[in-house]
$ cat coords-v2.cif   # mmCIF, C-alpha atoms
data_work
loop_
_atom_site.group_PDB
_atom_site.id
_atom_site.type_symbol
_atom_site.label_atom_id
_atom_site.label_comp_id
_atom_site.auth_asym_id
_atom_site.auth_seq_id
_atom_site.Cartn_x
_atom_site.Cartn_y
_atom_site.Cartn_z
ATOM 1 C CA ASP Z 1 -59.700 -3.246 -3.868
ATOM 2 C CA VAL Z 2 -59.037 -2.209 -0.268
ATOM 3 C CA ILE Z 3 -55.462 -1.943 1.019
ATOM 4 C CA SER Z 4 -55.313 -1.910 4.807
ATOM 5 C CA ALA Z 5 -52.046 -3.547 5.951
ATOM 6 C CA GLN Z 6 -53.906 -4.903 8.959
ATOM 7 C CA THR Z 7 -52.191 -8.298 8.740
ATOM 8 C CA GLU Z 8 -48.500 -8.482 9.555
ATOM 9 C CA LEU Z 9 -46.155 -10.656 7.513
ATOM 10 C CA ALA Z 10 -43.710 -11.919 10.169
ATOM 11 C CA ALA Z 11 -41.587 -14.214 7.976
ATOM 12 C CA GLU Z 12 -39.846 -14.059 4.633
ATOM 13 C CA PRO Z 13 -42.438 -13.821 1.859
ATOM 14 C CA ALA Z 14 -43.167 -16.860 -0.282
ATOM 15 C CA ASP Z 15 -42.028 -16.636 -3.898
ATOM 16 C CA THR Z 16 -45.657 -16.169 -5.016
ATOM 17 C CA ASP Z 17 -46.443 -13.393 -2.490
ATOM 18 C CA GLU Z 18 -47.110 -10.168 -4.335
ATOM 19 C CA PHE Z 19 -46.110 -6.541 -3.812
ATOM 20 C CA MET Z 20 -47.559 -3.461 -5.393
ATOM 21 C CA VAL Z 21 -45.279 -0.987 -7.127
ATOM 22 C CA SER Z 22 -45.846 2.204 -9.006
ATOM 23 C CA ASP Z 23 -44.465 2.024 -12.534
ATOM 24 C CA ALA Z 24 -44.473 5.674 -13.679
ATOM 25 C CA GLY Z 25 -47.752 6.236 -11.836
ATOM 26 C CA VAL Z 26 -49.402 2.961 -12.869
ATOM 27 C CA LEU Z 27 -49.941 0.475 -10.008
ATOM 28 C CA LYS Z 28 -48.682 -2.991 -10.822
ATOM 29 C CA ARG Z 29 -48.164 -6.173 -8.828
ATOM 30 C CA ILE Z 30 -44.957 -8.208 -8.780
ATOM 31 C CA ASP Z 31 -44.106 -11.627 -7.287
ATOM 32 C CA TYR Z 32 -41.475 -11.693 -4.555
ATOM 33 C CA SER Z 33 -39.518 -14.282 -6.589
ATOM 34 C CA LEU Z 34 -38.657 -11.558 -9.120
ATOM 35 C CA ILE Z 35 -37.120 -9.131 -6.610
ATOM 36 C CA LYS Z 36 -35.552 -11.253 -3.885
ATOM 37 C CA GLY Z 37 -31.782 -11.558 -3.663
ATOM 38 C CA GLY Z 38 -29.701 -14.652 -4.308
ATOM 39 C CA ASP Z 39 -27.673 -16.744 -1.913
ATOM 40 C CA ASN Z 40 -24.177 -16.868 -3.512
ATOM 41 C CA THR Z 41 -24.367 -20.558 -4.385
ATOM 42 C CA PRO Z 42 -22.841 -22.778 -5.523
ATOM 43 C CA ALA Z 43 -20.203 -22.323 -2.847
ATOM 44 C CA PHE Z 44 -17.426 -24.538 -1.506
ATOM 45 C CA SER Z 45 -14.573 -24.468 0.998
ATOM 46 C CA ALA Z 46 -11.851 -27.081 1.486
ATOM 47 C CA TYR Z 47 -8.482 -27.351 3.231
ATOM 48 C CA LYS Z 48 -5.497 -29.656 3.710
ATOM 49 C CA PRO Z 49 -5.646 -31.488 7.034
ATOM 50 C CA SER Z 50 -2.101 -32.831 6.595
ATOM 51 C CA THR Z 51 1.165 -32.098 4.786
ATOM 52 C CA GLN Z 52 1.552 -32.619 1.037
ATOM 53 C CA ALA Z 53 5.119 -33.866 0.675
ATOM 54 C CA ASP Z 54 7.648 -33.480 -2.092
ATOM 55 C CA VAL Z 55 6.574 -30.516 -4.198
ATOM 56 C CA VAL Z 56 9.392 -30.615 -6.781
ATOM 57 C CA SER Z 57 11.381 -27.403 -7.245
ATOM 58 C CA GLY Z 58 10.586 -25.588 -10.500
ATOM 59 C CA THR Z 59 7.505 -27.712 -11.302
ATOM 60 C CA GLN Z 60 3.868 -26.643 -11.237
ATOM 61 C CA THR Z 61 2.113 -29.081 -8.913
ATOM 62 C CA LYS Z 62 -1.611 -29.571 -8.281
ATOM 63 C CA VAL Z 63 -2.446 -29.025 -4.617
ATOM 64 C CA THR Z 64 -4.738 -31.568 -2.980
ATOM 65 C CA PHE Z 65 -7.394 -30.284 -0.575
ATOM 66 C CA THR Z 66 -8.951 -33.386 0.913
ATOM 67 C CA THR Z 67 -11.270 -32.050 3.604
ATOM 68 C CA GLU Z 68 -14.376 -29.975 2.903
ATOM 69 C CA PHE Z 69 -15.911 -27.411 5.220
ATOM 70 C CA PHE Z 70 -18.936 -27.252 2.917
ATOM 71 C CA ASP Z 71 -20.012 -27.869 -0.680
ATOM 72 C CA THR Z 72 -23.510 -26.525 -1.266
ATOM 73 C CA ASP Z 73 -24.073 -28.185 -4.654
ATOM 74 C CA SER Z 74 -21.837 -31.293 -4.416
ATOM 75 C CA ALA Z 75 -19.637 -29.736 -7.127
ATOM 76 C CA TYR Z 76 -16.278 -30.174 -5.343
ATOM 77 C CA ALA Z 77 -14.385 -33.448 -5.748
ATOM 78 C CA SER Z 78 -10.772 -34.555 -6.255
ATOM 79 C CA SER Z 79 -9.464 -31.087 -5.322
ATOM 80 C CA ARG Z 80 -11.473 -29.533 -8.164
ATOM 81 C CA PHE Z 81 -14.616 -27.384 -8.296
ATOM 82 C CA THR Z 82 -16.771 -28.012 -11.387
ATOM 83 C CA CYS Z 83 -19.499 -25.511 -12.317
ATOM 84 C CA PRO Z 84 -22.844 -27.345 -12.051
ATOM 85 C CA VAL Z 85 -25.589 -27.326 -14.680
ATOM 86 C CA GLY Z 86 -27.618 -24.118 -14.419
ATOM 87 C CA SER Z 87 -24.917 -22.283 -12.436
ATOM 88 C CA ALA Z 88 -22.852 -20.493 -15.088
ATOM 89 C CA GLY Z 89 -21.685 -17.020 -14.079
ATOM 90 C CA LYS Z 90 -18.981 -15.073 -12.307
ATOM 91 C CA TYR Z 91 -17.262 -16.678 -9.310
ATOM 92 C CA LEU Z 92 -14.870 -15.460 -6.645
ATOM 93 C CA ILE Z 93 -12.155 -18.107 -6.189
ATOM 94 C CA THR Z 94 -9.585 -18.005 -3.391
ATOM 95 C CA GLY Z 95 -6.729 -20.137 -2.112
ATOM 96 C CA GLY Z 96 -3.763 -20.065 0.245
ATOM 97 C CA LEU Z 97 -0.624 -22.143 0.757
ATOM 98 C CA SER Z 98 2.007 -22.429 3.454
ATOM 99 C CA PHE Z 99 5.526 -23.830 3.001
ATOM 100 C CA LEU Z 100 8.082 -24.350 5.784
ATOM 101 C CA GLY Z 101 11.667 -23.072 5.554
ATOM 102 C CA THR Z 102 11.832 -22.118 1.867
ATOM 103 C CA GLY Z 103 14.975 -20.031 2.403
ATOM 104 C CA ASP Z 104 16.100 -16.473 1.826
ATOM 105 C CA GLY Z 105 15.072 -15.029 -1.550
ATOM 106 C CA ASN Z 106 13.281 -18.130 -2.803
ATOM 107 C CA TYR Z 107 9.741 -17.849 -4.085
ATOM 108 C CA VAL Z 108 6.441 -19.650 -3.898
ATOM 109 C CA ILE Z 109 3.783 -19.137 -6.587
ATOM 110 C CA ILE Z 110 0.106 -20.030 -6.282
ATOM 111 C CA PHE Z 111 -2.031 -20.449 -9.420
ATOM 112 C CA ILE Z 112 -5.746 -20.641 -10.156
ATOM 113 C CA TYR Z 113 -6.166 -23.013 -13.082
ATOM 114 C CA LEU Z 114 -9.257 -22.948 -15.309
ATOM 115 C CA ASN Z 115 -9.945 -26.112 -17.328
ATOM 116 C CA GLY Z 116 -6.351 -27.295 -16.924
ATOM 117 C CA SER Z 117 -4.641 -24.012 -17.862
ATOM 118 C CA GLU Z 118 -3.096 -21.250 -15.764
ATOM 119 C CA LEU Z 119 -5.461 -18.294 -15.341
ATOM 120 C CA TRP Z 120 -4.278 -16.273 -12.294
ATOM 121 C CA LYS Z 121 -1.073 -16.355 -10.264
ATOM 122 C CA ASN Z 122 0.487 -14.665 -7.263
ATOM 123 C CA ILE Z 123 4.104 -14.847 -6.099
ATOM 124 C CA ASN Z 124 5.745 -14.372 -2.712
ATOM 125 C CA ARG Z 125 9.499 -14.237 -2.128
ATOM 126 C CA SER Z 126 10.724 -15.493 1.220
ATOM 127 C CA PRO Z 127 12.374 -12.651 3.176
ATOM 128 C CA SER Z 128 14.457 -15.011 5.311
ATOM 129 C CA THR Z 129 14.961 -18.677 6.089
ATOM 130 C CA SER Z 130 11.530 -18.769 7.689
ATOM 131 C CA ASP Z 131 8.213 -20.086 6.428
ATOM 132 C CA ASN Z 132 6.652 -18.766 3.253
ATOM 133 C CA GLY Z 133 2.944 -18.359 2.600
ATOM 134 C CA VAL Z 134 1.089 -17.096 -0.428
ATOM 135 C CA GLY Z 135 -2.565 -16.414 -1.171
ATOM 136 C CA ILE Z 136 -4.668 -15.640 -4.212
ATOM 137 C CA THR Z 137 -8.131 -14.351 -5.024
ATOM 138 C CA GLY Z 138 -9.496 -13.978 -8.533
ATOM 139 C CA LEU Z 139 -12.752 -13.455 -10.366
ATOM 140 C CA VAL Z 140 -13.471 -16.211 -12.854
ATOM 141 C CA GLU Z 141 -16.292 -16.563 -15.378
ATOM 142 C CA LEU Z 142 -17.437 -20.186 -15.444
ATOM 143 C CA ALA Z 143 -19.678 -21.969 -17.927
ATOM 144 C CA GLU Z 144 -21.412 -25.237 -17.046
ATOM 145 C CA GLY Z 145 -18.760 -27.965 -16.780
ATOM 146 C CA ASP Z 146 -15.796 -25.565 -16.411
ATOM 147 C CA TYR Z 147 -13.526 -26.456 -13.498
ATOM 148 C CA VAL Z 148 -11.012 -24.651 -11.283
ATOM 149 C CA GLU Z 149 -8.035 -26.022 -9.342
ATOM 150 C CA ILE Z 150 -5.122 -24.677 -7.319
ATOM 151 C CA TYR Z 151 -1.522 -25.311 -8.378
ATOM 152 C CA CYS Z 152 1.774 -24.180 -6.875
ATOM 153 C CA LYS Z 153 5.443 -23.815 -7.774
ATOM 154 C CA GLN Z 154 8.559 -23.204 -5.669
ATOM 155 C CA ASN Z 155 12.233 -22.635 -6.548
ATOM 156 C CA THR Z 156 14.301 -23.727 -3.559
ATOM 157 C CA GLY Z 157 16.305 -26.255 -5.558
ATOM 158 C CA SER Z 158 14.961 -29.155 -3.527
ATOM 159 C CA ASN Z 159 11.601 -30.757 -2.798
ATOM 160 C CA GLN Z 160 9.454 -28.857 -0.292
ATOM 161 C CA ASP Z 161 6.366 -29.736 1.713
ATOM 162 C CA ILE Z 162 3.113 -27.783 1.699
ATOM 163 C CA THR Z 163 1.946 -27.657 5.293
ATOM 164 C CA GLY Z 164 -1.531 -28.714 6.203
ATOM 165 C CA SER Z 165 -3.307 -28.920 9.518
ATOM 166 C CA SER Z 166 -6.825 -29.477 10.767
ATOM 167 C CA THR Z 167 -6.303 -26.743 13.361
ATOM 168 C CA ASP Z 168 -4.604 -23.808 11.578
ATOM 169 C CA ARG Z 169 -5.993 -24.330 8.049
ATOM 170 C CA THR Z 170 -3.347 -22.147 6.351
ATOM 171 C CA THR Z 171 -3.667 -24.175 3.146
ATOM 172 C CA TYR Z 172 -7.176 -23.691 1.742
ATOM 173 C CA PHE Z 173 -9.281 -23.466 -1.446
ATOM 174 C CA GLY Z 174 -12.767 -22.020 -1.815
ATOM 175 C CA GLY Z 175 -15.174 -19.993 -3.860
ATOM 176 C CA PHE Z 176 -18.734 -18.923 -4.533
ATOM 177 C CA LYS Z 177 -20.946 -17.608 -7.315
ATOM 178 C CA LEU Z 178 -21.536 -13.870 -7.306
ATOM 179 C CA ILE Z 179 -25.151 -12.764 -7.170
#
$ encode --input "coords-v2.cif" --output "structure tokens"
Amino acid sequence: DVISAQTELAAEPADTDEFMVSDAGVLKRIDYSLIKGGDNTPAFSAYKPSTQADVVSGTQTKVTFTTEFFDTDSAYASSRFTCPVGSAGKYLITGGLSFLGTGDGNYVIIFIYLNGSELWKNINRSPSTSDNGVGITGLVELAEGDYVEIYCKQNTGSNQDITGSSTDRTTYFGGFKLI
């Protein structure tokens, strides 16, 4: 067969387009679908557009993220991401929280929960009487139906509010499947 490359392919190849490769000196053809990269989905991103009041001191509390930026596979609902059918694998999960006026030396902890149990946590002690923020990123292996959520805990001795805003988005939750 003649190979001329006279015709330009000016767009992404179709999955059934074929390439030729040399496998130890033997020419073989391969479909594009077998060598193309993935797109890091499912993926989701959500935030708190308003304050979540009365996080009780010393108690792990589920954080509610009511507004979505995006949810590629409709797998995010009720402040929980659930791994869809056919999407098992490793995921990067991230979250961030902001509290106002937690006080000198007090702490805020953020947790990634997997299937209702603590998996990852990160702590931040307040250096002064100012605001206190804490973030977390973790790699999580999810099977179909597994779910992840964000929880928090604070130790000020009184109820505190998690801040939320549609403009600063300092309280957020998101993730995506690794390719």
$ resolve_selection --input "coords-v2.cif" --expression "the PyMOL selection byres ((chain Z and resi 165-179) around 9)" --output "JSON, numbers by chain"
{"Z": [37, 38, 39, 40, 41, 42, 43, 44, 45, 46, 47, 48, 49, 50, 51, 65, 67, 79, 81, 87, 88, 89, 90, 91, 92, 93, 94, 95, 96, 97, 98, 133, 135, 149, 150, 162, 163, 164]}
$ atom_distance --input "coords-v2.cif" --atom1 "CA of Gly105 in chain Z" --atom2 "CA of Asn122 in chain Z"
15.7 Å
$ atom_distance --input "coords-v2.cif" --atom1 "CA of Ala10 in chain Z" --atom2 "CA of Tyr32 in chain Z"
14.9 Å
$ atom_distance --input "coords-v2.cif" --atom1 "CA of Tyr151 in chain Z" --atom2 "CA of Asp73 in chain Z"
23.0 Å
$ residues_around --input "coords-v2.cif" --residues "Thr102 in chain Z" --least-positions-apart "4" --cutoff "12 Å" --atoms "all atoms listed in the file" --output "list in words"
Val55, Ser57, Ser98, Asn106, Tyr107, Val108, Asn124, Arg125, Ser126, Pro127, Ser128, Thr129, Ser130, Asp131, Asn132, Gly133, Lys153, Gln154, Asn155, Thr156, Gly157, Ser158, Asn159, Gln160, Asp161, Ile162 and Thr163 of chain Z
$ resolve_selection --input "coords-v2.cif" --expression "the PyMOL selection byres ((chain Z and resi 29) around 9)" --output "mmCIF file with C-alpha atoms, keeping the file's coordinate frame"
data_model
loop_
_atom_site.group_PDB
_atom_site.id
_atom_site.type_symbol
_atom_site.label_atom_id
_atom_site.label_comp_id
_atom_site.auth_asym_id
_atom_site.auth_seq_id
_atom_site.Cartn_x
_atom_site.Cartn_y
_atom_site.Cartn_z
ATOM 1 C CA GLU Z 18 -47.110 -10.168 -4.335
ATOM 2 C CA PHE Z 19 -46.110 -6.541 -3.812
ATOM 3 C CA MET Z 20 -47.559 -3.461 -5.393
ATOM 4 C CA VAL Z 21 -45.279 -0.987 -7.127
ATOM 5 C CA SER Z 22 -45.846 2.204 -9.006
ATOM 6 C CA LEU Z 27 -49.941 0.475 -10.008
ATOM 7 C CA LYS Z 28 -48.682 -2.991 -10.822
ATOM 8 C CA ILE Z 30 -44.957 -8.208 -8.780
ATOM 9 C CA ASP Z 31 -44.106 -11.627 -7.287
#
$ resolve_selection --input "coords-v2.cif" --expression "the PyMOL selection byres ((chain Z and resi 33) around 8)" --output "PyMOL selection string"
chain Z and resi 14-16+31-32+34-36
$ closest_residue --input "coords-v2.cif" --among "Z:Thr72, Z:Ile136, Z:Arg80, Z:Ile109" --to "Val148 in chain Z" --atoms "all atoms listed in the file"
Z:Arg80
$ closest_residue --input "coords-v2.cif" --among "Z:Val134, Z:Ala11, Z:Ala77, Z:Cys152" --to "Tyr113 in chain Z" --atoms "all atoms listed in the file"
Z:Cys152
